[in-house]
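A.B. asks: What follows is final24.txt; its format and atoms are compact mmCIF, C-alpha atoms and all ligand atoms.
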```
# COMPACT_ATOMS: atom_id res chain seq x y z
CA MET M 1 -42.52 0.38 93.22
CA THR M 2 -43.06 2.97 90.52
CA GLY M 3 -46.07 2.43 88.28
CA PRO M 4 -46.04 1.24 84.69
CA LEU M 5 -44.35 3.39 82.10
CA LEU M 6 -47.24 5.08 80.32
CA ALA M 7 -47.32 5.73 76.59
CA TRP M 8 -47.57 9.29 75.32
CA SER M 9 -50.80 10.36 73.67
CA ASP M 10 -50.79 11.77 70.11
CA ALA M 11 -50.96 15.28 71.56
CA GLU M 12 -48.14 14.80 74.05
CA GLY M 13 -45.78 13.14 71.58
CA ALA M 14 -46.54 15.69 68.87
CA ALA M 15 -46.01 18.58 71.30
CA ARG M 16 -42.68 17.20 72.47
CA ALA M 17 -41.28 16.42 69.02
CA GLY M 18 -42.70 19.69 67.67
CA ALA M 19 -41.10 21.74 70.44
CA LEU M 20 -37.76 20.03 69.87
CA PHE M 21 -38.06 20.75 66.16
CA THR M 22 -38.87 24.41 66.63
CA ALA M 23 -36.07 24.88 69.15
CA ALA M 24 -33.55 23.20 66.83
CA PHE M 25 -34.61 24.65 63.48
CA GLY M 26 -36.38 27.91 64.32
CA ALA M 27 -39.72 27.14 62.63
CA PRO M 28 -42.51 24.60 63.08
CA PRO M 29 -42.47 21.22 61.26
CA ASP M 30 -44.78 20.29 58.38
CA GLY M 31 -46.21 17.57 60.63
CA VAL M 32 -45.47 14.88 63.19
CA TRP M 33 -45.50 11.16 62.45
CA ALA M 34 -45.35 8.40 65.05
CA SER M 35 -44.56 4.70 64.86
CA PRO M 36 -44.65 2.13 67.66
CA GLY M 37 -42.25 -0.23 69.31
CA ARG M 38 -43.34 -3.85 69.38
CA VAL M 39 -43.35 -6.89 71.56
CA ASN M 40 -43.24 -10.41 70.19
CA LEU M 41 -45.89 -12.67 71.71
CA ILE M 42 -44.29 -15.88 70.47
CA GLY M 43 -42.02 -17.06 67.66
CA GLU M 44 -38.54 -16.09 68.85
CA HIS M 45 -35.34 -16.48 66.85
CA VAL M 46 -37.31 -17.91 63.95
CA ASP M 47 -37.33 -14.87 61.65
CA TYR M 48 -33.99 -15.81 60.09
CA ASN M 49 -35.19 -19.40 59.67
CA GLY M 50 -38.17 -18.68 57.44
CA GLY M 51 -40.45 -19.09 60.45
CA LEU M 52 -43.61 -17.50 61.80
CA CYS M 53 -43.66 -14.85 64.47
CA LEU M 54 -46.46 -13.01 66.21
CA PRO M 55 -45.54 -9.50 67.29
CA MET M 56 -47.96 -6.78 68.29
CA ALA M 57 -47.44 -3.04 68.25
CA LEU M 58 -47.06 -1.31 71.61
CA PRO M 59 -48.92 1.86 72.58
CA HIS M 60 -45.42 3.32 73.08
CA ARG M 61 -44.23 5.21 70.00
CA THR M 62 -41.43 7.27 68.56
CA PHE M 63 -42.46 10.68 67.24
CA ALA M 64 -40.72 12.39 64.32
CA ALA M 65 -41.45 16.07 63.60
CA VAL M 66 -40.35 16.66 60.03
CA ARG M 67 -40.24 19.49 57.49
CA ARG M 68 -39.51 19.05 53.81
CA ARG M 69 -36.73 21.20 52.35
CA ASP M 70 -36.22 22.32 48.77
CA ASP M 71 -32.50 21.54 48.73
CA ASP M 72 -30.70 18.29 49.53
CA VAL M 73 -29.66 19.21 53.07
CA VAL M 74 -30.64 16.84 55.90
CA ARG M 75 -30.60 17.89 59.55
CA LEU M 76 -31.44 15.48 62.38
CA VAL M 77 -31.86 15.97 66.12
CA SER M 78 -33.06 13.59 68.82
CA SER M 79 -33.91 14.17 72.45
CA LEU M 80 -31.95 11.01 73.18
CA ALA M 81 -28.74 12.38 71.72
CA PRO M 82 -29.02 16.11 72.47
CA ASP M 83 -25.31 16.70 71.92
CA GLU M 84 -25.19 14.78 68.66
CA ALA M 85 -27.24 16.79 66.19
CA TRP M 86 -26.34 15.84 62.63
CA ALA M 87 -26.24 17.94 59.49
CA GLY M 88 -25.21 16.87 56.02
CA THR M 89 -26.76 16.06 52.67
CA LEU M 90 -28.85 13.17 51.37
CA GLY M 91 -25.78 11.86 49.57
CA GLY M 92 -23.91 11.84 52.86
CA ILE M 93 -26.21 9.16 54.30
CA GLY M 94 -25.49 5.55 53.39
CA PRO M 95 -23.64 2.40 54.38
CA GLY M 96 -20.35 3.29 56.03
CA LEU M 97 -21.08 7.03 55.93
CA VAL M 98 -22.91 7.66 59.20
CA GLY M 99 -22.67 6.05 62.62
CA GLY M 100 -24.70 5.71 65.79
CA TRP M 101 -28.27 6.87 65.92
CA VAL M 102 -28.02 8.74 62.59
CA GLY M 103 -27.99 5.41 60.78
CA TYR M 104 -31.43 4.62 62.18
CA ALA M 105 -32.94 8.10 61.72
CA GLY M 106 -31.36 8.94 58.36
CA GLY M 107 -31.06 5.43 56.92
CA PRO M 108 -34.64 5.24 55.62
CA ALA M 109 -33.96 8.20 53.29
CA TRP M 110 -31.04 6.32 51.73
CA ALA M 111 -33.03 3.09 51.47
CA LEU M 112 -36.07 4.76 49.89
CA ALA M 113 -33.79 6.47 47.36
CA GLN M 114 -32.20 3.08 46.64
CA ALA M 115 -35.70 1.75 45.95
CA GLY M 116 -36.07 4.39 43.25
CA HIS M 117 -38.04 7.04 45.08
CA ALA M 118 -37.23 10.71 44.45
CA LEU M 119 -36.52 12.42 47.76
CA GLY M 120 -35.10 15.79 48.74
CA GLY M 121 -33.64 17.19 51.91
CA PHE M 122 -35.51 17.42 55.20
CA ASP M 123 -35.19 18.46 58.82
CA ALA M 124 -36.31 16.02 61.52
CA ALA M 125 -36.60 16.10 65.31
CA ILE M 126 -37.20 12.86 67.18
CA ASP M 127 -38.58 12.13 70.62
CA SER M 128 -39.75 8.79 71.97
CA CYS M 129 -41.32 6.95 74.86
CA VAL M 130 -40.21 3.53 73.62
CA PRO M 131 -37.63 2.21 76.08
CA LEU M 132 -34.25 2.10 74.37
CA GLY M 133 -32.33 -1.13 74.00
CA SER M 134 -34.95 -3.13 75.92
CA GLY M 135 -35.80 -5.47 73.08
CA LEU M 136 -38.94 -3.45 72.31
CA SER M 137 -37.56 -2.17 69.03
CA SER M 138 -36.96 1.49 69.59
CA SER M 139 -34.69 1.23 66.54
CA ALA M 140 -37.47 0.24 64.14
CA ALA M 141 -39.79 2.83 65.69
CA VAL M 142 -37.34 5.58 64.71
CA GLU M 143 -36.87 4.25 61.19
CA CYS M 144 -40.59 3.79 60.62
CA ALA M 145 -41.60 7.22 61.98
CA VAL M 146 -39.10 8.90 59.66
CA ALA M 147 -40.10 6.69 56.72
CA LEU M 148 -43.78 7.60 57.19
CA ALA M 149 -42.88 11.29 57.21
CA LEU M 150 -40.82 10.97 54.02
CA ASP M 151 -43.58 8.96 52.36
CA GLU M 152 -46.09 11.73 52.87
CA LEU M 153 -43.84 14.77 52.40
CA PHE M 154 -42.35 13.44 49.15
CA VAL M 155 -45.68 11.96 48.01
CA LEU M 156 -44.42 8.40 47.62
CA GLY M 157 -47.93 7.03 48.17
CA LEU M 158 -46.89 3.98 50.17
CA ALA M 159 -48.45 4.36 53.61
CA GLY M 160 -52.04 4.10 52.35
CA SER M 161 -51.98 0.33 51.71
CA ASP M 162 -50.54 -2.72 53.41
CA GLU M 163 -48.59 -3.45 50.23
CA GLY M 164 -47.06 0.03 50.37
CA ARG M 165 -46.37 -0.35 54.06
CA ALA M 166 -44.55 -3.59 53.32
CA ALA M 167 -42.35 -1.62 50.92
CA LEU M 168 -41.72 1.03 53.58
CA ALA M 169 -40.87 -1.73 56.06
CA ALA M 170 -38.43 -3.28 53.58
CA ALA M 171 -36.69 0.10 53.22
CA CYS M 172 -36.45 0.39 57.00
CA VAL M 173 -34.94 -3.10 57.22
CA ARG M 174 -32.30 -2.06 54.69
CA ALA M 175 -31.65 1.08 56.75
CA GLU M 176 -31.12 -0.98 59.89
CA ASN M 177 -29.06 -3.72 58.22
CA GLU M 178 -26.97 -1.69 55.82
CA VAL M 179 -26.77 1.87 57.20
CA ALA M 180 -26.96 1.25 60.95
CA GLY M 181 -25.18 -2.09 60.48
CA ALA M 182 -27.46 -4.18 62.70
CA PRO M 183 -28.18 -7.63 61.19
CA THR M 184 -31.79 -8.02 62.28
CA GLY M 185 -34.71 -9.77 60.56
CA GLY M 186 -37.87 -8.05 59.38
CA MET M 187 -40.20 -8.55 62.31
CA ASP M 188 -39.74 -5.18 64.01
CA GLN M 189 -40.45 -3.00 61.00
CA ALA M 190 -43.42 -5.12 59.93
CA ALA M 191 -44.97 -4.76 63.38
CA SER M 192 -44.32 -1.02 63.56
CA LEU M 193 -45.87 -0.31 60.16
CA ARG M 194 -48.36 -3.11 59.46
CA ALA M 195 -49.98 -3.84 62.85
CA THR M 196 -53.60 -2.86 63.46
CA ALA M 197 -55.35 -2.02 66.74
CA GLY M 198 -56.69 -5.00 68.67
CA HIS M 199 -54.64 -7.48 66.65
CA ALA M 200 -51.38 -9.31 66.78
CA LEU M 201 -49.57 -9.59 63.46
CA LEU M 202 -48.83 -13.09 62.20
CA LEU M 203 -45.77 -12.62 60.01
CA ASP M 204 -44.53 -15.28 57.64
CA THR M 205 -40.85 -14.50 57.20
CA VAL M 206 -40.59 -16.51 53.97
CA ASP M 207 -42.60 -14.05 51.90
CA HIS M 208 -43.30 -11.29 54.45
CA SER M 209 -47.03 -11.90 54.16
CA VAL M 210 -49.05 -10.99 57.24
CA ALA M 211 -52.37 -11.91 58.80
CA GLN M 212 -54.20 -9.84 61.40
CA VAL M 213 -54.95 -12.07 64.40
CA PRO M 214 -57.62 -10.67 66.75
CA PHE M 215 -56.05 -10.52 70.20
CA ASP M 216 -58.68 -9.25 72.55
CA LEU M 217 -57.15 -9.15 76.01
CA THR M 218 -59.80 -6.86 77.48
CA THR M 219 -62.74 -9.14 76.75
CA ALA M 220 -60.76 -12.05 78.16
CA GLY M 221 -60.16 -10.05 81.34
CA LEU M 222 -56.41 -10.24 80.82
CA ALA M 223 -53.46 -7.90 80.59
CA LEU M 224 -50.01 -8.29 79.08
CA LEU M 225 -47.17 -7.08 81.27
CA VAL M 226 -43.87 -6.23 79.65
CA ILE M 227 -41.02 -6.47 82.12
CA ASP M 228 -37.87 -4.67 81.03
CA THR M 229 -35.08 -6.36 83.00
CA ARG M 230 -32.71 -3.45 82.23
CA ALA M 231 -30.00 -6.09 82.02
CA GLU M 232 -27.33 -5.78 79.38
CA HIS M 233 -24.92 -8.58 78.77
CA ALA M 234 -21.81 -8.47 76.64
CA LEU M 235 -21.37 -10.65 73.55
CA VAL M 236 -24.97 -10.25 72.44
CA ASP M 237 -24.03 -9.50 68.85
CA GLY M 238 -21.60 -12.40 68.67
CA GLN M 239 -24.13 -14.79 70.19
CA TYR M 240 -26.80 -13.67 67.74
CA ALA M 241 -24.46 -14.26 64.82
CA ALA M 242 -23.49 -17.67 66.23
CA ARG M 243 -27.16 -18.74 66.51
CA ARG M 244 -27.82 -17.64 62.95
CA ALA M 245 -24.75 -19.46 61.69
CA ALA M 246 -25.68 -22.69 63.52
CA CYS M 247 -29.18 -22.63 62.03
CA HIS M 248 -27.91 -22.00 58.53
CA ALA M 249 -25.29 -24.75 58.89
CA ALA M 250 -27.92 -27.20 60.12
CA ALA M 251 -30.27 -26.29 57.27
CA ALA M 252 -27.47 -26.88 54.75
CA ARG M 253 -26.69 -30.26 56.30
CA LEU M 254 -30.37 -31.19 56.16
CA GLY M 255 -30.64 -30.06 52.55
CA VAL M 256 -33.36 -27.49 53.17
CA ALA M 257 -33.38 -23.80 52.33
CA THR M 258 -34.52 -22.86 55.84
CA LEU M 259 -35.44 -24.76 59.01
CA ARG M 260 -39.09 -23.87 58.29
CA GLU M 261 -39.00 -26.74 55.79
CA VAL M 262 -38.19 -29.34 58.44
CA THR M 263 -41.36 -31.45 58.74
CA ASP M 264 -40.02 -34.45 60.66
CA LEU M 265 -38.15 -33.21 63.72
CA ASP M 266 -36.98 -36.62 64.91
CA ALA M 267 -35.54 -37.48 61.51
CA ALA M 268 -33.82 -34.10 61.34
CA LEU M 269 -32.29 -34.53 64.79
CA ALA M 270 -31.07 -38.02 63.88
CA ALA M 271 -29.40 -36.59 60.77
CA LEU M 272 -27.45 -33.96 62.69
CA PRO M 273 -24.21 -35.17 64.31
CA ASP M 274 -23.59 -31.95 66.26
CA PRO M 275 -25.50 -31.86 69.58
CA VAL M 276 -25.50 -28.06 69.60
CA GLU M 277 -27.06 -27.93 66.15
CA GLN M 278 -29.64 -30.47 67.36
CA MET M 279 -30.62 -28.16 70.23
CA ARG M 280 -30.88 -25.12 68.00
CA VAL M 281 -32.99 -26.97 65.43
CA ARG M 282 -35.28 -28.39 68.14
CA HIS M 283 -35.96 -24.87 69.38
CA VAL M 284 -36.70 -23.44 65.95
CA VAL M 285 -38.96 -26.26 64.80
CA THR M 286 -40.94 -26.51 68.05
CA GLU M 287 -41.19 -22.72 68.32
CA ILE M 288 -42.75 -22.40 64.86
CA ALA M 289 -45.26 -25.10 65.88
CA ARG M 290 -46.04 -23.14 69.06
CA VAL M 291 -46.83 -20.05 67.00
CA GLU M 292 -49.32 -22.06 64.96
CA GLN M 293 -50.91 -23.45 68.14
CA PHE M 294 -51.07 -19.98 69.71
CA VAL M 295 -52.79 -18.53 66.66
CA ALA M 296 -55.24 -21.45 66.56
CA LEU M 297 -56.19 -20.99 70.22
CA VAL M 298 -56.61 -17.24 69.92
CA GLY M 299 -58.66 -17.78 66.75
CA GLU M 300 -61.07 -19.92 68.75
CA GLY M 301 -61.37 -17.24 71.42
CA ARG M 302 -59.29 -19.31 73.85
CA VAL M 303 -56.90 -16.49 74.78
CA ARG M 304 -56.74 -17.69 78.37
CA GLU M 305 -55.23 -21.00 77.25
CA VAL M 306 -52.06 -19.72 75.58
CA GLY M 307 -50.06 -19.51 78.83
CA PRO M 308 -48.47 -22.99 78.61
CA LEU M 309 -47.24 -22.20 75.09
CA MET M 310 -45.52 -19.08 76.43
CA ASP M 311 -43.94 -21.10 79.23
CA ALA M 312 -42.76 -23.77 76.79
CA SER M 313 -41.30 -21.10 74.52
CA HIS M 314 -39.26 -19.74 77.40
CA GLU M 315 -37.96 -23.17 78.35
CA SER M 316 -36.98 -23.87 74.76
CA LEU M 317 -35.13 -20.55 74.50
CA ARG M 318 -33.44 -21.13 77.85
CA VAL M 319 -32.43 -24.76 77.46
CA ASP M 320 -32.13 -25.46 73.74
CA TYR M 321 -31.34 -22.04 72.33
CA GLU M 322 -29.35 -20.79 75.33
CA VAL M 323 -30.28 -17.12 74.92
CA SER M 324 -31.87 -16.42 78.30
CA CYS M 325 -30.08 -15.02 81.33
CA ASP M 326 -30.60 -14.86 85.10
CA GLU M 327 -32.63 -11.66 84.99
CA LEU M 328 -35.02 -13.02 82.37
CA ASP M 329 -35.37 -16.33 84.20
CA VAL M 330 -36.09 -14.59 87.50
CA ALA M 331 -38.63 -12.24 85.89
CA VAL M 332 -40.44 -15.18 84.30
CA ALA M 333 -40.33 -17.35 87.44
CA ALA M 334 -41.52 -14.53 89.70
CA ALA M 335 -44.36 -13.64 87.35
CA ARG M 336 -45.51 -17.26 87.22
CA ALA M 337 -45.23 -17.62 90.99
CA ALA M 338 -47.42 -14.51 91.34
CA GLY M 339 -50.12 -16.11 89.22
CA ALA M 340 -49.27 -15.25 85.62
CA LEU M 341 -51.02 -17.58 83.16
CA GLY M 342 -47.80 -17.76 81.18
CA ALA M 343 -44.52 -15.88 80.86
CA ARG M 344 -41.51 -15.85 78.58
CA MET M 345 -38.53 -13.86 77.51
CA THR M 346 -39.18 -11.85 74.37
CA GLY M 347 -36.75 -10.45 71.82
CA GLY M 348 -33.24 -11.63 71.21
CA GLY M 349 -32.37 -12.49 74.82
CA PHE M 350 -29.31 -11.97 77.05
CA GLY M 351 -31.25 -9.19 78.75
CA GLY M 352 -34.05 -7.08 77.35
CA SER M 353 -37.64 -7.84 78.25
CA ALA M 354 -39.96 -10.61 79.37
CA ILE M 355 -43.74 -10.75 78.96
CA ALA M 356 -46.34 -12.15 81.31
CA LEU M 357 -50.01 -12.81 80.60
CA VAL M 358 -51.94 -11.95 83.77
CA GLU M 359 -55.46 -11.42 85.07
CA ALA M 360 -56.19 -7.73 84.44
CA GLY M 361 -56.86 -7.13 88.12
CA ARG M 362 -53.55 -8.75 89.09
CA ALA M 363 -51.21 -6.74 86.86
CA ASP M 364 -49.96 -4.48 89.66
CA ALA M 365 -49.52 -7.37 92.07
CA VAL M 366 -47.52 -9.45 89.58
CA ALA M 367 -45.37 -6.44 88.71
CA ALA M 368 -44.71 -5.85 92.40
CA GLU M 369 -43.68 -9.49 92.91
CA VAL M 370 -41.24 -9.29 90.02
CA ALA M 371 -39.80 -6.04 91.38
CA GLN M 372 -39.46 -7.68 94.78
CA ALA M 373 -37.56 -10.63 93.29
CA PHE M 374 -35.17 -8.20 91.61
CA ALA M 375 -34.71 -6.18 94.81
CA GLU M 376 -33.87 -9.34 96.76
CA ARG M 377 -31.00 -9.96 94.39
CA GLY M 378 -29.74 -6.40 94.53
CA TRP M 379 -30.66 -5.77 90.89
CA ARG M 380 -31.96 -2.50 89.47
CA PRO M 381 -35.77 -2.29 89.50
CA PRO M 382 -37.30 -3.62 86.28
CA GLY M 383 -39.25 -1.28 84.02
CA ILE M 384 -42.90 -2.24 83.65
CA LEU M 385 -45.15 -1.54 80.67
CA LEU M 386 -48.73 -2.52 80.01
CA ALA M 387 -49.06 -3.61 76.41
CA SER M 388 -52.34 -3.40 74.51
CA PRO M 389 -52.35 -4.36 70.82
CA SER M 390 -51.97 -0.98 69.14
CA PRO M 391 -52.10 0.35 65.58
CA GLY M 392 -49.08 0.76 63.31
CA GLY M 393 -47.50 4.11 62.61
CA ALA M 394 -49.34 7.14 61.24
CA ARG M 395 -49.31 10.91 61.06
CA VAL M 396 -50.40 12.34 64.40
CA ALA M 397 -50.30 16.09 63.87
CA SER M 398 -50.49 18.85 61.33
CA PRO M 399 -48.65 22.11 62.00
P1 LIG M 401 -34.03 -1.76 70.61
O1 LIG M 401 -34.31 -3.10 71.18
O2 LIG M 401 -34.56 -0.68 71.47
O3 LIG M 401 -34.45 -1.65 69.18
P2 LIG M 401 -31.46 -1.45 69.38
O4 LIG M 401 -30.09 -1.64 69.90
O5 LIG M 401 -31.90 -2.24 68.22
O6 LIG M 401 -32.44 -1.63 70.63
O7 LIG M 401 -31.67 0.06 68.97
C1 LIG M 401 -31.33 1.10 69.82
C2 LIG M 401 -30.68 2.20 69.00
O8 LIG M 401 -31.67 2.81 68.14
C3 LIG M 401 -30.14 3.32 69.84
O9 LIG M 401 -28.83 3.04 70.29
C4 LIG M 401 -30.18 4.48 68.86
O10 LIG M 401 -29.06 4.44 67.99
C5 LIG M 401 -31.42 4.20 68.04
N1 LIG M 401 -32.57 4.90 68.61
C6 LIG M 401 -33.65 4.36 69.21
N2 LIG M 401 -34.51 5.32 69.64
C7 LIG M 401 -33.96 6.50 69.29
C8 LIG M 401 -34.35 7.85 69.43
N3 LIG M 401 -35.49 8.21 70.04
N4 LIG M 401 -33.51 8.80 68.96
C9 LIG M 401 -32.37 8.47 68.35
N5 LIG M 401 -31.96 7.22 68.18
C10 LIG M 401 -32.72 6.24 68.63
MG MG M 402 -33.76 -2.82 67.59
```
Mind turning this structure into structure tokens?
Ligand code: ADP
Ligand code: MG
C.D. replies:
Amino acid sequence: MTGPLLAWSDAEGAARAGALFTAAFGAPPDGVWASPGRVNLIGEHVDYNGGLCLPMALPHRTFAAVRRRDDDVVRLVSSLAPDEAWAGTLGGIGPGLVGGWVGYAGGPAWALAQAGHALGGFDAAIDSCVPLGSGLSSSAAVECAVALALDELFVLGLAGSDEGRAALAAACVRAENEVAGAPTGGMDQAASLRATAGHALLLDTVDHSVAQVPFDLTTAGLALLVIDTRAEHALVDGQYAARRAACHAAAARLGVATLREVTDLDAALAALPDPVEQMRVRHVVTEIARVEQFVALVGEGRVREVGPLMDASHESLRVDYEVSCDELDVAVAAARAAGALGARMTGGGFGGSAIALVEAGRADAVAAEVAQAFAERGWRPPGILLASPSPGGARVASP
């Protein structure tokens, strides 16, 4: 088995993005900014139901080397799309105007301008060690790294406070939803910009308020394994839209704005004639309660006791929400069999990643057991990351 995928240091990420910038544009950048991917500890598929979720930032980040220009030209390159460099103007970035990765990298400029900020042109080169399309939010990491660069280079003054970071996150959400065209909630951008080291981020998706929840794995002698199944299943977008629609239909039938407002689950289930809507509502309501229980346990220093909540979350997502898949179920089962305290799928489902809470000294052994379970089925080896609760995005280098 290959070892865990290690995160790049500030120096390594800055050197890589800086070298790409200089090769593409013939001069060094004004600076390099980095923003992390995230993993959600618990609270899945609740962000579009006014729920609570508990992501934490990964040590794995996307690096954007950026230079301000004094015209309105924008040029973008990424190591992940070396043949798809983009050049245009600020006015050429917006909903329906750009496709593919440019929506994520350029979209924040459009969204910040929409929010009334005065921007000019810029050149940007992007490199990343966040696994792509693994449910670890490489998309938000790109948006947030670029947004942080624009904030500083155009002196918007947002990154210095959590309130300002919330505004940057909102712009990145608009970039993802409206320019890249991906209908996601706000969890990813909040985690990438508003997380702090050593904490998970409790996000209330009604008002986007956050609380920093100390999540000290090291003192507890634990580690969090992220298992990227590398599975991709078709119909993900359609399934996501169907889950959203079912929740919104159930909320309308129950006469509540969002399923967050359901206080009596049994009464709600009795009022819903559609068995599928009943299942979806049961997941959302019990999942929000699990987030509250998780936060309460961690708050009392009982980190070792959250495993059963993770297991219950996975079962709820598998049985009631029907968003798991064989690869996620096998990863979770193998991790538990190898001694994980708890394990669950994380992210939207139908592939992507699972997480497992393990004894720190057992991380390699659990990872090896999961890899073995995949090998026995003839599947590609899973990618393994070790996740420690990391800080949100920031500038990492001057010229
Ligand atoms: P994830 O779970 O990783 O966020 P998404 O499908 O939401 O998966 O986002 C992946 C997309 O984000 C990529 O297809 C690409 O368009 C964009 N993206 C992510 N990282 C980069 C990068 N380093 N350079 C350019 N585009 C990126
Ligand atoms: Mg994404």
A.B. asks: Could you name the residues that touch M:Phe350 at 12 Å or less, counting all atoms listed in the file, but leaving out those on the same chain fewer than 5 positions away, as a PDB file with C-alpha atoms, in the frame of the given file?
C.D. replies:
```pdb
ATOM      1  CA  GLY M 133     -32.330  -1.130  74.000  1.00  0.00           C
ATOM      2  CA  SER M 134     -34.950  -3.130  75.920  1.00  0.00           C
ATOM      3  CA  GLY M 135     -35.800  -5.470  73.080  1.00  0.00           C
ATOM      4  CA  ASP M 228     -37.870  -4.670  81.030  1.00  0.00           C
ATOM      5  CA  THR M 229     -35.080  -6.360  83.000  1.00  0.00           C
ATOM      6  CA  ARG M 230     -32.710  -3.450  82.230  1.00  0.00           C
ATOM      7  CA  ALA M 231     -30.000  -6.090  82.020  1.00  0.00           C
ATOM      8  CA  GLU M 232     -27.330  -5.780  79.380  1.00  0.00           C
ATOM      9  CA  HIS M 233     -24.920  -8.580  78.770  1.00  0.00           C
ATOM     10  CA  ALA M 234     -21.810  -8.470  76.640  1.00  0.00           C
ATOM     11  CA  LEU M 235     -21.370 -10.650  73.550  1.00  0.00           C
ATOM     12  CA  VAL M 236     -24.970 -10.250  72.440  1.00  0.00           C
ATOM     13  CA  ASP M 237     -24.030  -9.500  68.850  1.00  0.00           C
ATOM     14  CA  GLY M 238     -21.600 -12.400  68.670  1.00  0.00           C
ATOM     15  CA  GLN M 239     -24.130 -14.790  70.190  1.00  0.00           C
ATOM     16  CA  TYR M 240     -26.800 -13.670  67.740  1.00  0.00           C
ATOM     17  CA  LEU M 317     -35.130 -20.550  74.500  1.00  0.00           C
ATOM     18  CA  ARG M 318     -33.440 -21.130  77.850  1.00  0.00           C
ATOM     19  CA  TYR M 321     -31.340 -22.040  72.330  1.00  0.00           C
ATOM     20  CA  GLU M 322     -29.350 -20.790  75.330  1.00  0.00           C
ATOM     21  CA  VAL M 323     -30.280 -17.120  74.920  1.00  0.00           C
ATOM     22  CA  SER M 324     -31.870 -16.420  78.300  1.00  0.00           C
ATOM     23  CA  CYS M 325     -30.080 -15.020  81.330  1.00  0.00           C
ATOM     24  CA  ASP M 326     -30.600 -14.860  85.100  1.00  0.00           C
ATOM     25  CA  GLU M 327     -32.630 -11.660  84.990  1.00  0.00           C
ATOM     26  CA  LEU M 328     -35.020 -13.020  82.370  1.00  0.00           C
ATOM     27  CA  ASP M 329     -35.370 -16.330  84.200  1.00  0.00           C
ATOM     28  CA  MET M 345     -38.530 -13.860  77.510  1.00  0.00           C
TER      29      MET M 345
END
```
A.B. asks: Counting all atoms listed in the file, which residues in chain M sit no more than 6 Å from ligand MG 402 (chain M)? For each one, give the nearest pair of atoms and the distance in Å, sorted by chain then residue number, as JSON lines.
C.D. replies:
```
{"residue": "M:Ser137", "atom": "CA", "partner": "M:MG402", "partner_atom": "MG", "distance": 4.1}
{"residue": "M:Ser138", "atom": "CA", "partner": "M:MG402", "partner_atom": "MG", "distance": 5.7}
{"residue": "M:Ser139", "atom": "CA", "partner": "M:MG402", "partner_atom": "MG", "distance": 4.3}
{"residue": "M:Ala140", "atom": "CA", "partner": "M:MG402", "partner_atom": "MG", "distance": 5.9}
```
A.B. asks: Name each residue within 9 Å of ligand LIG 401 (chain M), counting only C-alpha atoms and all ligand atoms, as an NGL selection string.
C.D. replies: :M and (37 or 62-64 or 77-81 or 99-105 or 125-143 or 176 or 180 or 182 or 184 or 188 or 347-348 or 352)
A.B. asks: Name the residues in contact with stretch 158-175 of chain M at a cut-off of 9 Å, using all atoms listed in the file, excluding same-chain residues fewer than 4 positions from it; report them as a count of residues only.
C.D. replies: 38
A.B. asks: Go through M:Ala197, M:Ala354, M:Val66, M:Ala363 one by one, measure the shortest atom-to-atom distance of each to M:Gly339 using all atoms listed in the file, and give the residue with the smallest value.
C.D. replies: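 Between M:Ala197, M:Ala354, M:Val66, M:Ala363, the residue approaching M:Gly339 most closely is M:Ala363.
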A.B. asks: Got a sec: who's within 12 Å of M:Ala246, counting all atoms listed in the file, leaving out chain neighbours fewer than 6 positions off, as a list in words?
C.D. replies: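 Residues near the query, excluding close chain neighbours: His45, Tyr48, Asn49, Gln239, Tyr240, Ala252, Arg253, Thr258, Leu259, Leu272, Asp274, Pro275, Val276, Glu277, Gln278, Met279, Arg280, Val281, Val284 and Tyr321 of chain M.
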A.B. asks: For a test of reading the model, state the distance in Å between atom CA of M:Val298 and atom CA of M:Ala387, rounded to one decimal.
C.D. replies: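 So the two atoms, atom CA of M:Val298 and atom CA of M:Ala387, lie 16.9 Å apart.
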A.B. asks: Would you compute the distance between atom CA of M:Gly198 and atom CA of M:Glu12? Give it in Å to one decimal.
C.D. replies: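 Spanning atom CA of M:Gly198 to atom CA of M:Glu12 is a straight-line distance of 22.2 Å.
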A.B. asks: What's the separation between atom CA of M:Glu261 and atom CA of M:His314, in Å to one decimal place?
C.D. replies: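 The value is 22.7 Å.
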A.B. asks: Within 12 Å of M:Gln293, counting only C-alpha atoms, which residues qualify if same-chain residues fewer than 3 places away don't, as number ranges by chain?
C.D. replies: M: 42-43, 52-54, 286-290, 296-300, 302-303, 305-310, 312-313
A.B. asks: Extract, using all atoms listed in the file, all DNA, RNA and protein residues at most 10 Å from M:Phe374, discarding same-chain residues fewer than 3 positions from it, and format them as a PDB file with C-alpha atoms, in the frame of the given file.
C.D. replies:
```pdb
ATOM      1  CA  THR M 229     -35.080  -6.360  83.000  1.00  0.00           C
ATOM      2  CA  GLU M 327     -32.630 -11.660  84.990  1.00  0.00           C
ATOM      3  CA  VAL M 330     -36.090 -14.590  87.500  1.00  0.00           C
ATOM      4  CA  ALA M 331     -38.630 -12.240  85.890  1.00  0.00           C
ATOM      5  CA  ALA M 334     -41.520 -14.530  89.700  1.00  0.00           C
ATOM      6  CA  ALA M 368     -44.710  -5.850  92.400  1.00  0.00           C
ATOM      7  CA  GLU M 369     -43.680  -9.490  92.910  1.00  0.00           C
ATOM      8  CA  VAL M 370     -41.240  -9.290  90.020  1.00  0.00           C
ATOM      9  CA  ALA M 371     -39.800  -6.040  91.380  1.00  0.00           C
ATOM     10  CA  ARG M 377     -31.000  -9.960  94.390  1.00  0.00           C
ATOM     11  CA  GLY M 378     -29.740  -6.400  94.530  1.00  0.00           C
ATOM     12  CA  TRP M 379     -30.660  -5.770  90.890  1.00  0.00           C
ATOM     13  CA  ARG M 380     -31.960  -2.500  89.470  1.00  0.00           C
ATOM     14  CA  PRO M 381     -35.770  -2.290  89.500  1.00  0.00           C
ATOM     15  CA  PRO M 382     -37.300  -3.620  86.280  1.00  0.00           C
TER      16      PRO M 382
END
```
